[in-house]
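Take a look at the structure below.
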Amino acid sequence: MRRTTRARTGLSALLLAASLGLGAAPAGADAPQRPAPTPASDSAAALHALDAAVERTLGDDSAGTYVDAGTGELVVTVTTEAAAAKVRAAGATPRRVQRGAAELDAAMAALEAGAKIPGTSWGLDPRTNRIAVEADSSVSARDLARLRKVAASLDGAVSVTRVPGVFQREVAGGDAIYGGGSRCSAAFNVTKNGVRYFLTAGHCTNLSSTWSSTSGGTSIGVREGTSFPTNDYGIVRYTTTTNVDGRVNLYNGGYQDIASAADAVVGQAIKKSGSTTKVTSGTVSAVNVTVNYSDGPVYGMVRTTACSAGGDSGGAHFAGSVALGIHSGSSGCTGTNGSAIHQPVREALSAYGVNVY
């Protein structure tokens, strides 16, 4: 996977069945009917379609896209008038910025080489035309000084913010899906050649080869693949005959149908559904994020402001009817201001050659 400001991901995906404790309802006579797509869902799909079209057109001629908080329009950062003209022709709003993709890529490479410190993360924030770095409370004063020194050498391309809490994978003991004495959440149902699977976080599937829906219960699936660190996704093959359906559990008696998937866009509103904090809301604050967990880095992630907690790992990040990613971890949550990080889902779908259903 490319580790540049332009590394992007996303494909369609569906949530696991509520009857198995995994965040969605089973198919059958008692399952709620799928709701019709809402205008918000249509709007999210249209935003992602435009973002994908602009990316195909511009590639590295753009330093990133974001959603304008005031207008809701897609803004595309560019460094030349020729690129701006292409953006207007595509139906988006151009914004001239100082730093192009190459300079921001170089800044990320410098951080990777000189400031790979556990408890830090960095990613592209096109709203500020910078690489936004966060350092959690575990980063020592000495390491913070080293981080700031590297940032200062990059001619304003990097901002550094100290954040409370500690970046960590969010596994816990409890309910939902169980394996290796730990609890996680399931994200998306997928299929290949008629065989059904679900996706979850790789740091979860690293823990166990078998998974159940209750603590100490009968196995519902066996691990078929896992990837952590570097990535954070895993796949489990169903061993039950239950006909699982694919809607996101909104934990209010309702469900969100998932019709497609796409890359997260900075500034867009998202929701996270997980077995601990249920459904929380936030916005995307950075893309192509590197997170330096204590047991290894993960790349190409997405940083959001949604709240999360232990046990939410593997849950779903989505916007309306659009699936976005698999929950990885956070540095905690203060009130309604969180730092939930997700693994974009397309990489996992591609890695395992599976499709949603």
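Note on naming: chains are A, B, ... as they come in the structure tokens, residues start from 1 per chain, ligands start from 1 in the order shown.
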Within range 152-224 of chain A, find each residue whose DSSP state, derived from the backbone, is alpha helix (DSSP H), and express the selection as a PyMOL selection string.
chain A and resi 152+202-205
Put those residues in a file: N, CA and C atoms, as a compact mmCIF listing (two decimals), in the first residue's frame.
# COMPACT_ATOMS: atom_id res chain seq x y z
N ALA A 152 9.93 21.21 13.11
CA ALA A 152 10.43 22.56 12.86
C ALA A 152 11.33 22.62 11.63
N GLY A 202 -7.54 -6.47 12.71
CA GLY A 202 -6.47 -7.46 12.69
C GLY A 202 -5.88 -7.71 14.06
N HIS A 203 -5.82 -6.68 14.91
CA HIS A 203 -5.28 -6.93 16.25
C HIS A 203 -6.23 -7.80 17.06
N CYS A 204 -7.50 -7.90 16.62
CA CYS A 204 -8.43 -8.85 17.24
C CYS A 204 -8.18 -10.26 16.73
N THR A 205 -8.13 -10.41 15.39
CA THR A 205 -7.94 -11.75 14.83
C THR A 205 -6.56 -12.33 15.15
Long-range neighbours of Asp312 in chain A as a count of residues only, 8 Å cut-off, only C-alpha atoms, 5 positions minimum in chain
11
So how far away is CA of Gly282 in chain A from CA of Ala269 in chain A, in Å?
5.8 Å
Neighbouring residues of Leu74 in chain A were defined as those with any atom within 12 Å, considering only C-alpha atoms; residues of the same chain fewer than 2 positions away were excluded. Please report them as a VMD selection string.
chain A and resid 43 to 44 46 to 55 64 to 72 76 to 77 87 to 88 90 to 95 126 to 127 265 to 268
For the selection just defined, write its residues with N, CA, C and O atoms to a file, as a compact mmCIF listing (two decimals), in the first residue's frame.
# COMPACT_ATOMS: atom_id res chain seq x y z
N SER A 43 -26.86 11.95 -0.31
CA SER A 43 -25.88 13.05 -0.30
C SER A 43 -24.48 12.53 -0.04
O SER A 43 -23.51 12.96 -0.68
N ALA A 44 -24.34 11.59 0.89
CA ALA A 44 -23.03 11.02 1.20
C ALA A 44 -22.48 10.28 -0.01
O ALA A 44 -21.30 10.39 -0.35
N ALA A 46 -23.20 10.79 -3.15
CA ALA A 46 -22.85 11.77 -4.19
C ALA A 46 -21.52 12.44 -3.88
O ALA A 46 -20.69 12.67 -4.77
N LEU A 47 -21.29 12.76 -2.59
CA LEU A 47 -20.03 13.38 -2.18
C LEU A 47 -18.85 12.46 -2.52
O LEU A 47 -17.85 12.89 -3.10
N HIS A 48 -18.97 11.19 -2.17
CA HIS A 48 -17.88 10.25 -2.40
C HIS A 48 -17.65 10.00 -3.89
O HIS A 48 -16.52 9.82 -4.32
N ALA A 49 -18.75 9.99 -4.66
CA ALA A 49 -18.60 9.81 -6.10
C ALA A 49 -17.84 10.98 -6.72
O ALA A 49 -16.96 10.79 -7.57
N LEU A 50 -18.15 12.19 -6.28
CA LEU A 50 -17.44 13.37 -6.78
C LEU A 50 -15.99 13.35 -6.34
O LEU A 50 -15.07 13.64 -7.14
N ASP A 51 -15.74 12.98 -5.09
CA ASP A 51 -14.37 12.92 -4.58
C ASP A 51 -13.54 11.91 -5.39
O ASP A 51 -12.39 12.20 -5.75
N ALA A 52 -14.12 10.74 -5.68
CA ALA A 52 -13.40 9.73 -6.45
C ALA A 52 -13.11 10.22 -7.87
O ALA A 52 -12.04 9.99 -8.41
N ALA A 53 -14.09 10.93 -8.46
CA ALA A 53 -13.90 11.44 -9.82
C ALA A 53 -12.79 12.48 -9.87
O ALA A 53 -11.96 12.48 -10.78
N VAL A 54 -12.77 13.36 -8.88
CA VAL A 54 -11.72 14.39 -8.83
C VAL A 54 -10.35 13.75 -8.63
O VAL A 54 -9.37 14.15 -9.27
N GLU A 55 -10.28 12.74 -7.77
CA GLU A 55 -8.99 12.09 -7.53
C GLU A 55 -8.47 11.41 -8.80
O GLU A 55 -7.28 11.47 -9.10
N GLY A 64 -5.04 17.10 -1.58
CA GLY A 64 -6.09 16.57 -0.72
C GLY A 64 -7.42 17.28 -0.88
O GLY A 64 -7.49 18.41 -1.39
N THR A 65 -8.48 16.62 -0.44
CA THR A 65 -9.83 17.17 -0.51
C THR A 65 -10.44 17.22 0.88
O THR A 65 -10.03 16.49 1.78
N TYR A 66 -11.45 18.07 1.04
CA TYR A 66 -12.19 18.12 2.30
C TYR A 66 -13.57 18.71 2.08
O TYR A 66 -13.83 19.33 1.04
N VAL A 67 -14.44 18.50 3.06
CA VAL A 67 -15.78 19.03 3.00
C VAL A 67 -15.81 20.35 3.75
O VAL A 67 -15.41 20.42 4.92
N ASP A 68 -16.28 21.42 3.10
CA ASP A 68 -16.39 22.72 3.74
C ASP A 68 -17.48 22.65 4.82
O ASP A 68 -18.62 22.29 4.53
N ALA A 69 -17.13 22.99 6.05
CA ALA A 69 -18.07 22.88 7.17
C ALA A 69 -19.27 23.79 7.01
O ALA A 69 -20.36 23.48 7.50
N GLY A 70 -19.09 24.92 6.35
CA GLY A 70 -20.18 25.88 6.20
C GLY A 70 -21.12 25.55 5.06
O GLY A 70 -22.35 25.65 5.20
N THR A 71 -20.58 25.16 3.92
CA THR A 71 -21.39 24.96 2.73
C THR A 71 -21.70 23.49 2.43
O THR A 71 -22.64 23.20 1.68
N GLY A 72 -20.90 22.58 2.98
CA GLY A 72 -21.06 21.17 2.66
C GLY A 72 -20.49 20.78 1.31
O GLY A 72 -20.62 19.64 0.88
N VAL A 76 -11.22 21.11 -3.14
CA VAL A 76 -10.05 20.39 -3.63
C VAL A 76 -8.85 21.33 -3.61
O VAL A 76 -8.88 22.40 -4.23
N THR A 77 -7.81 20.95 -2.87
CA THR A 77 -6.62 21.79 -2.79
C THR A 77 -5.74 21.57 -4.00
O THR A 77 -5.49 20.43 -4.40
N VAL A 87 -10.75 21.08 -11.53
CA VAL A 87 -11.65 20.91 -10.39
C VAL A 87 -13.01 21.53 -10.68
O VAL A 87 -14.06 20.93 -10.44
N ARG A 88 -13.01 22.76 -11.21
CA ARG A 88 -14.26 23.43 -11.54
C ARG A 88 -15.05 22.63 -12.58
O ARG A 88 -16.28 22.50 -12.49
N ALA A 90 -15.07 19.52 -12.97
CA ALA A 90 -15.62 18.31 -12.35
C ALA A 90 -16.80 18.61 -11.44
O ALA A 90 -17.50 17.69 -11.01
N GLY A 91 -17.01 19.89 -11.12
CA GLY A 91 -18.13 20.27 -10.27
C GLY A 91 -17.79 20.48 -8.82
O GLY A 91 -18.70 20.57 -7.97
N ALA A 92 -16.51 20.58 -8.48
CA ALA A 92 -16.08 20.84 -7.11
C ALA A 92 -15.47 22.23 -7.01
O ALA A 92 -15.34 22.95 -8.00
N THR A 93 -15.09 22.63 -5.80
CA THR A 93 -14.54 23.96 -5.54
C THR A 93 -13.03 23.87 -5.34
O THR A 93 -12.57 23.17 -4.42
N PRO A 94 -12.23 24.55 -6.16
CA PRO A 94 -10.78 24.51 -5.96
C PRO A 94 -10.33 25.51 -4.90
O PRO A 94 -10.99 26.53 -4.66
N ARG A 95 -9.21 25.21 -4.26
CA ARG A 95 -8.58 26.16 -3.33
C ARG A 95 -7.08 26.10 -3.54
O ARG A 95 -6.47 25.04 -3.40
N PRO A 126 -5.97 18.39 4.83
CA PRO A 126 -5.94 19.35 3.72
C PRO A 126 -6.56 20.69 4.06
O PRO A 126 -6.30 21.67 3.37
N ARG A 127 -7.34 20.76 5.13
CA ARG A 127 -7.91 22.05 5.52
C ARG A 127 -6.84 23.04 5.93
O ARG A 127 -6.97 24.25 5.73
N VAL A 265 -13.57 11.37 3.63
CA VAL A 265 -13.13 12.69 3.20
C VAL A 265 -13.02 13.58 4.44
O VAL A 265 -13.94 13.63 5.26
N VAL A 266 -11.92 14.28 4.58
CA VAL A 266 -11.73 15.17 5.73
C VAL A 266 -12.88 16.17 5.80
O VAL A 266 -13.27 16.76 4.78
N GLY A 267 -13.44 16.34 6.99
CA GLY A 267 -14.52 17.28 7.21
C GLY A 267 -15.90 16.67 7.13
O GLY A 267 -16.87 17.30 7.58
N GLN A 268 -16.04 15.44 6.61
CA GLN A 268 -17.36 14.85 6.50
C GLN A 268 -17.81 14.27 7.83
O GLN A 268 -17.00 13.88 8.68
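The smallest atom-to-atom distance between Leu154 in chain A and any of A:Ala286, A:Ile131, A:Val222, A:Val356, using only C-alpha atoms, is found for A:Ile131.
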Skipping near chain neighbours, those fewer than 5 positions away, what residues fall within 9 Å of Val150 in chain A using only C-alpha atoms, listed as an MDAnalysis selection string?
chainID A and resid 110:111 114:115 145 158
Go ahead and save the picked residues with N, CA and C atoms, as a PDB file, in the first residue's frame.
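Listed below is the output, out23.pdb:
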ATOM      1  N   ALA A 110       9.807  12.268   6.385  1.00  0.00           N
ATOM      2  CA  ALA A 110      10.744  12.761   7.404  1.00  0.00           C
ATOM      3  C   ALA A 110      10.298  12.357   8.802  1.00  0.00           C
ATOM      4  N   LEU A 111       9.000  12.405   9.062  1.00  0.00           N
ATOM      5  CA  LEU A 111       8.478  11.964  10.356  1.00  0.00           C
ATOM      6  C   LEU A 111       8.709  10.465  10.548  1.00  0.00           C
ATOM      7  N   GLY A 114      12.500  10.099  11.258  1.00  0.00           N
ATOM      8  CA  GLY A 114      13.123  10.732  12.408  1.00  0.00           C
ATOM      9  C   GLY A 114      12.289  10.849  13.660  1.00  0.00           C
ATOM     10  N   ALA A 115      11.007  10.476  13.601  1.00  0.00           N
ATOM     11  CA  ALA A 115      10.147  10.683  14.776  1.00  0.00           C
ATOM     12  C   ALA A 115       9.160   9.537  14.972  1.00  0.00           C
ATOM     13  N   ALA A 145      10.330  16.712  22.432  1.00  0.00           N
ATOM     14  CA  ALA A 145      11.291  17.688  21.921  1.00  0.00           C
ATOM     15  C   ALA A 145      11.884  17.207  20.597  1.00  0.00           C
ATOM     16  N   VAL A 158       4.283  20.846   9.025  1.00  0.00           N
ATOM     17  CA  VAL A 158       3.827  19.931  10.067  1.00  0.00           C
ATOM     18  C   VAL A 158       3.381  20.726  11.288  1.00  0.00           C
TER      19      VAL A 158
END
What are the closest atom pairs, with distances in Å to one decimal, for each residue of range 319-345 of chain A lying within 8 Å of range 226-235 of chain A, using only C-alpha atoms, rows by chain and rising residue number, as JSON lines?
{"residue": "A:Ile326", "atom": "CA", "partner": "A:Tyr233", "partner_atom": "CA", "distance": 7.4}
{"residue": "A:Ser328", "atom": "CA", "partner": "A:Asp232", "partner_atom": "CA", "distance": 6.7}
{"residue": "A:Gln343", "atom": "CA", "partner": "A:Asp232", "partner_atom": "CA", "distance": 6.1}
If you count only C-alpha atoms, which residues fall within 8 Å of Thr305 in chain A, apart from same-chain ones fewer than 4 positions away, as a list in words?
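The filter keeps Ser281, Gly282, Thr283, Val284, Ser285, Asn337, Gly338, Ser339 and Ala340 of chain A.
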Take the residues from that selection and write them out as a PDB file, in the first residue's frame, keeping all heavy atoms.
ATOM      1  N   SER A 281     -20.941   9.763  17.034  1.00  0.00           N
ATOM      2  CA  SER A 281     -20.800  10.581  15.829  1.00  0.00           C
ATOM      3  C   SER A 281     -19.548  11.439  15.900  1.00  0.00           C
ATOM      4  O   SER A 281     -19.036  11.733  16.984  1.00  0.00           O
ATOM      5  CB  SER A 281     -22.026  11.485  15.664  1.00  0.00           C
ATOM      6  OG  SER A 281     -23.208  10.724  15.559  1.00  0.00           O
ATOM      7  N   GLY A 282     -19.063  11.848  14.748  1.00  0.00           N
ATOM      8  CA  GLY A 282     -17.908  12.733  14.692  1.00  0.00           C
ATOM      9  C   GLY A 282     -17.664  13.178  13.272  1.00  0.00           C
ATOM     10  O   GLY A 282     -18.505  12.984  12.389  1.00  0.00           O
ATOM     11  N   THR A 283     -16.514  13.771  13.042  1.00  0.00           N
ATOM     12  CA  THR A 283     -16.101  14.175  11.701  1.00  0.00           C
ATOM     13  C   THR A 283     -14.714  13.621  11.422  1.00  0.00           C
ATOM     14  O   THR A 283     -13.944  13.331  12.344  1.00  0.00           O
ATOM     15  CB  THR A 283     -16.076  15.702  11.544  1.00  0.00           C
ATOM     16  OG1 THR A 283     -15.184  16.263  12.513  1.00  0.00           O
ATOM     17  CG2 THR A 283     -17.459  16.299  11.740  1.00  0.00           C
ATOM     18  N   VAL A 284     -14.399  13.493  10.149  1.00  0.00           N
ATOM     19  CA  VAL A 284     -13.074  13.032   9.737  1.00  0.00           C
ATOM     20  C   VAL A 284     -12.104  14.199   9.864  1.00  0.00           C
ATOM     21  O   VAL A 284     -12.368  15.290   9.352  1.00  0.00           O
ATOM     22  CB  VAL A 284     -13.100  12.510   8.296  1.00  0.00           C
ATOM     23  CG1 VAL A 284     -11.697  12.119   7.837  1.00  0.00           C
ATOM     24  CG2 VAL A 284     -14.052  11.320   8.182  1.00  0.00           C
ATOM     25  N   SER A 285     -10.984  13.988  10.554  1.00  0.00           N
ATOM     26  CA  SER A 285     -10.028  15.070  10.778  1.00  0.00           C
ATOM     27  C   SER A 285      -8.714  14.892  10.036  1.00  0.00           C
ATOM     28  O   SER A 285      -7.976  15.860   9.861  1.00  0.00           O
ATOM     29  CB  SER A 285      -9.746  15.238  12.278  1.00  0.00           C
ATOM     30  OG  SER A 285      -9.266  14.029  12.839  1.00  0.00           O
ATOM     31  N   ASN A 337     -15.951  14.497  22.516  1.00  0.00           N
ATOM     32  CA  ASN A 337     -14.812  14.720  21.630  1.00  0.00           C
ATOM     33  C   ASN A 337     -13.851  13.546  21.731  1.00  0.00           C
ATOM     34  O   ASN A 337     -13.157  13.368  22.725  1.00  0.00           O
ATOM     35  CB  ASN A 337     -14.095  16.017  21.997  1.00  0.00           C
ATOM     36  CG  ASN A 337     -12.984  16.354  21.023  1.00  0.00           C
ATOM     37  OD1 ASN A 337     -13.014  15.929  19.877  1.00  0.00           O
ATOM     38  ND2 ASN A 337     -12.015  17.115  21.479  1.00  0.00           N
ATOM     39  N   GLY A 338     -13.834  12.713  20.682  1.00  0.00           N
ATOM     40  CA  GLY A 338     -12.997  11.532  20.695  1.00  0.00           C
ATOM     41  C   GLY A 338     -11.914  11.565  19.636  1.00  0.00           C
ATOM     42  O   GLY A 338     -11.642  12.603  19.035  1.00  0.00           O
ATOM     43  N   SER A 339     -11.309  10.400  19.401  1.00  0.00           N
ATOM     44  CA  SER A 339     -10.212  10.303  18.437  1.00  0.00           C
ATOM     45  C   SER A 339     -10.219   8.944  17.751  1.00  0.00           C
ATOM     46  O   SER A 339      -9.176   8.364  17.497  1.00  0.00           O
ATOM     47  CB  SER A 339      -8.873  10.522  19.146  1.00  0.00           C
ATOM     48  OG  SER A 339      -8.706   9.572  20.200  1.00  0.00           O
ATOM     49  N   ALA A 340     -11.424   8.427  17.466  1.00  0.00           N
ATOM     50  CA  ALA A 340     -11.547   7.089  16.892  1.00  0.00           C
ATOM     51  C   ALA A 340     -10.846   6.990  15.539  1.00  0.00           C
ATOM     52  O   ALA A 340     -11.030   7.825  14.667  1.00  0.00           O
ATOM     53  CB  ALA A 340     -13.018   6.715  16.745  1.00  0.00           C
TER      54      ALA A 340
END
If you run DSSP on the backbone, which residues of range 39-165 of chain A are strand (DSSP E), as number ranges by chain?
A: 62-67, 74-78, 93-96, 120-125, 130-135, 158-162
Any chance you can output those residues with N, CA, C and O atoms as a compact mmCIF listing (two decimals), in the first residue's frame?
# COMPACT_ATOMS: atom_id res chain seq x y z
N SER A 62 -3.32 17.29 -6.78
CA SER A 62 -4.06 17.83 -5.63
C SER A 62 -3.34 17.45 -4.35
O SER A 62 -2.74 16.38 -4.25
N ALA A 63 -3.42 18.34 -3.35
CA ALA A 63 -2.85 18.06 -2.03
C ALA A 63 -3.93 17.63 -1.05
O ALA A 63 -3.78 17.78 0.16
N GLY A 64 -5.04 17.10 -1.58
CA GLY A 64 -6.09 16.57 -0.72
C GLY A 64 -7.42 17.28 -0.88
O GLY A 64 -7.49 18.41 -1.39
N THR A 65 -8.48 16.62 -0.44
CA THR A 65 -9.83 17.17 -0.51
C THR A 65 -10.44 17.22 0.88
O THR A 65 -10.03 16.49 1.78
N TYR A 66 -11.45 18.07 1.04
CA TYR A 66 -12.19 18.12 2.30
C TYR A 66 -13.57 18.71 2.08
O TYR A 66 -13.83 19.33 1.04
N VAL A 67 -14.44 18.50 3.06
CA VAL A 67 -15.78 19.03 3.00
C VAL A 67 -15.81 20.35 3.75
O VAL A 67 -15.41 20.42 4.92
N LEU A 74 -17.55 20.01 -1.62
CA LEU A 74 -16.24 19.38 -1.67
C LEU A 74 -15.22 20.41 -2.15
O LEU A 74 -15.37 21.02 -3.21
N VAL A 75 -14.18 20.62 -1.34
CA VAL A 75 -13.11 21.55 -1.67
C VAL A 75 -11.87 20.73 -2.04
O VAL A 75 -11.51 19.78 -1.34
N VAL A 76 -11.22 21.11 -3.14
CA VAL A 76 -10.05 20.39 -3.63
C VAL A 76 -8.85 21.33 -3.61
O VAL A 76 -8.88 22.40 -4.23
N THR A 77 -7.81 20.95 -2.87
CA THR A 77 -6.62 21.79 -2.79
C THR A 77 -5.74 21.57 -4.00
O THR A 77 -5.49 20.43 -4.40
N VAL A 78 -5.26 22.68 -4.59
CA VAL A 78 -4.42 22.62 -5.78
C VAL A 78 -3.34 23.69 -5.67
O VAL A 78 -3.46 24.63 -4.88
N THR A 93 -15.09 22.63 -5.80
CA THR A 93 -14.54 23.96 -5.54
C THR A 93 -13.03 23.87 -5.34
O THR A 93 -12.57 23.17 -4.42
N PRO A 94 -12.23 24.55 -6.16
CA PRO A 94 -10.78 24.51 -5.96
C PRO A 94 -10.33 25.51 -4.90
O PRO A 94 -10.99 26.53 -4.66
N ARG A 95 -9.21 25.21 -4.26
CA ARG A 95 -8.58 26.16 -3.33
C ARG A 95 -7.08 26.10 -3.54
O ARG A 95 -6.47 25.04 -3.40
N ARG A 96 -6.50 27.24 -3.87
CA ARG A 96 -5.05 27.29 -4.06
C ARG A 96 -4.35 27.24 -2.71
O ARG A 96 -4.72 27.95 -1.77
N THR A 120 2.45 8.44 19.11
CA THR A 120 2.26 9.53 18.15
C THR A 120 1.46 9.03 16.95
O THR A 120 1.41 7.84 16.66
N SER A 121 0.84 9.98 16.27
CA SER A 121 0.20 9.67 14.99
C SER A 121 0.29 10.90 14.12
O SER A 121 0.40 12.03 14.62
N TRP A 122 0.29 10.68 12.80
CA TRP A 122 0.28 11.82 11.88
C TRP A 122 -0.47 11.47 10.62
O TRP A 122 -0.54 10.30 10.22
N GLY A 123 -1.08 12.50 10.04
CA GLY A 123 -1.84 12.30 8.82
C GLY A 123 -2.13 13.61 8.13
O GLY A 123 -1.90 14.69 8.69
N LEU A 124 -2.66 13.53 6.92
CA LEU A 124 -2.92 14.71 6.11
C LEU A 124 -4.19 15.41 6.55
O LEU A 124 -5.26 14.80 6.61
N ASP A 125 -4.09 16.71 6.82
CA ASP A 125 -5.25 17.58 7.03
C ASP A 125 -5.24 18.63 5.93
O ASP A 125 -4.57 19.66 6.05
N ARG A 130 -1.39 20.90 5.86
CA ARG A 130 -0.29 20.43 6.69
C ARG A 130 -0.46 18.96 7.05
O ARG A 130 -1.55 18.39 6.90
N ILE A 131 0.62 18.37 7.55
CA ILE A 131 0.56 17.07 8.19
C ILE A 131 0.31 17.32 9.67
O ILE A 131 1.10 17.99 10.35
N ALA A 132 -0.83 16.81 10.17
CA ALA A 132 -1.23 17.05 11.56
C ALA A 132 -0.72 15.92 12.44
O ALA A 132 -1.12 14.76 12.27
N VAL A 133 0.15 16.25 13.38
CA VAL A 133 0.75 15.26 14.29
C VAL A 133 0.10 15.39 15.66
O VAL A 133 -0.12 16.50 16.15
N GLU A 134 -0.23 14.25 16.26
CA GLU A 134 -0.70 14.22 17.64
C GLU A 134 0.26 13.38 18.48
O GLU A 134 0.72 12.33 18.03
N ALA A 135 0.55 13.86 19.69
CA ALA A 135 1.40 13.13 20.64
C ALA A 135 0.59 12.92 21.91
O ALA A 135 0.11 13.88 22.51
N VAL A 158 4.28 20.85 9.03
CA VAL A 158 3.83 19.93 10.07
C VAL A 158 3.38 20.73 11.29
O VAL A 158 4.06 21.66 11.72
N SER A 159 2.23 20.37 11.85
CA SER A 159 1.77 20.93 13.12
C SER A 159 1.78 19.81 14.16
O SER A 159 1.50 18.65 13.85
N VAL A 160 2.11 20.15 15.41
CA VAL A 160 2.19 19.16 16.49
C VAL A 160 1.24 19.57 17.60
O VAL A 160 1.28 20.70 18.07
N THR A 161 0.38 18.64 18.02
CA THR A 161 -0.56 18.87 19.10
C THR A 161 -0.44 17.80 20.16
O THR A 161 -0.34 16.61 19.83
N ARG A 162 -0.40 18.21 21.42
CA ARG A 162 -0.39 17.25 22.53
C ARG A 162 -1.84 16.89 22.84
O ARG A 162 -2.69 17.77 22.95
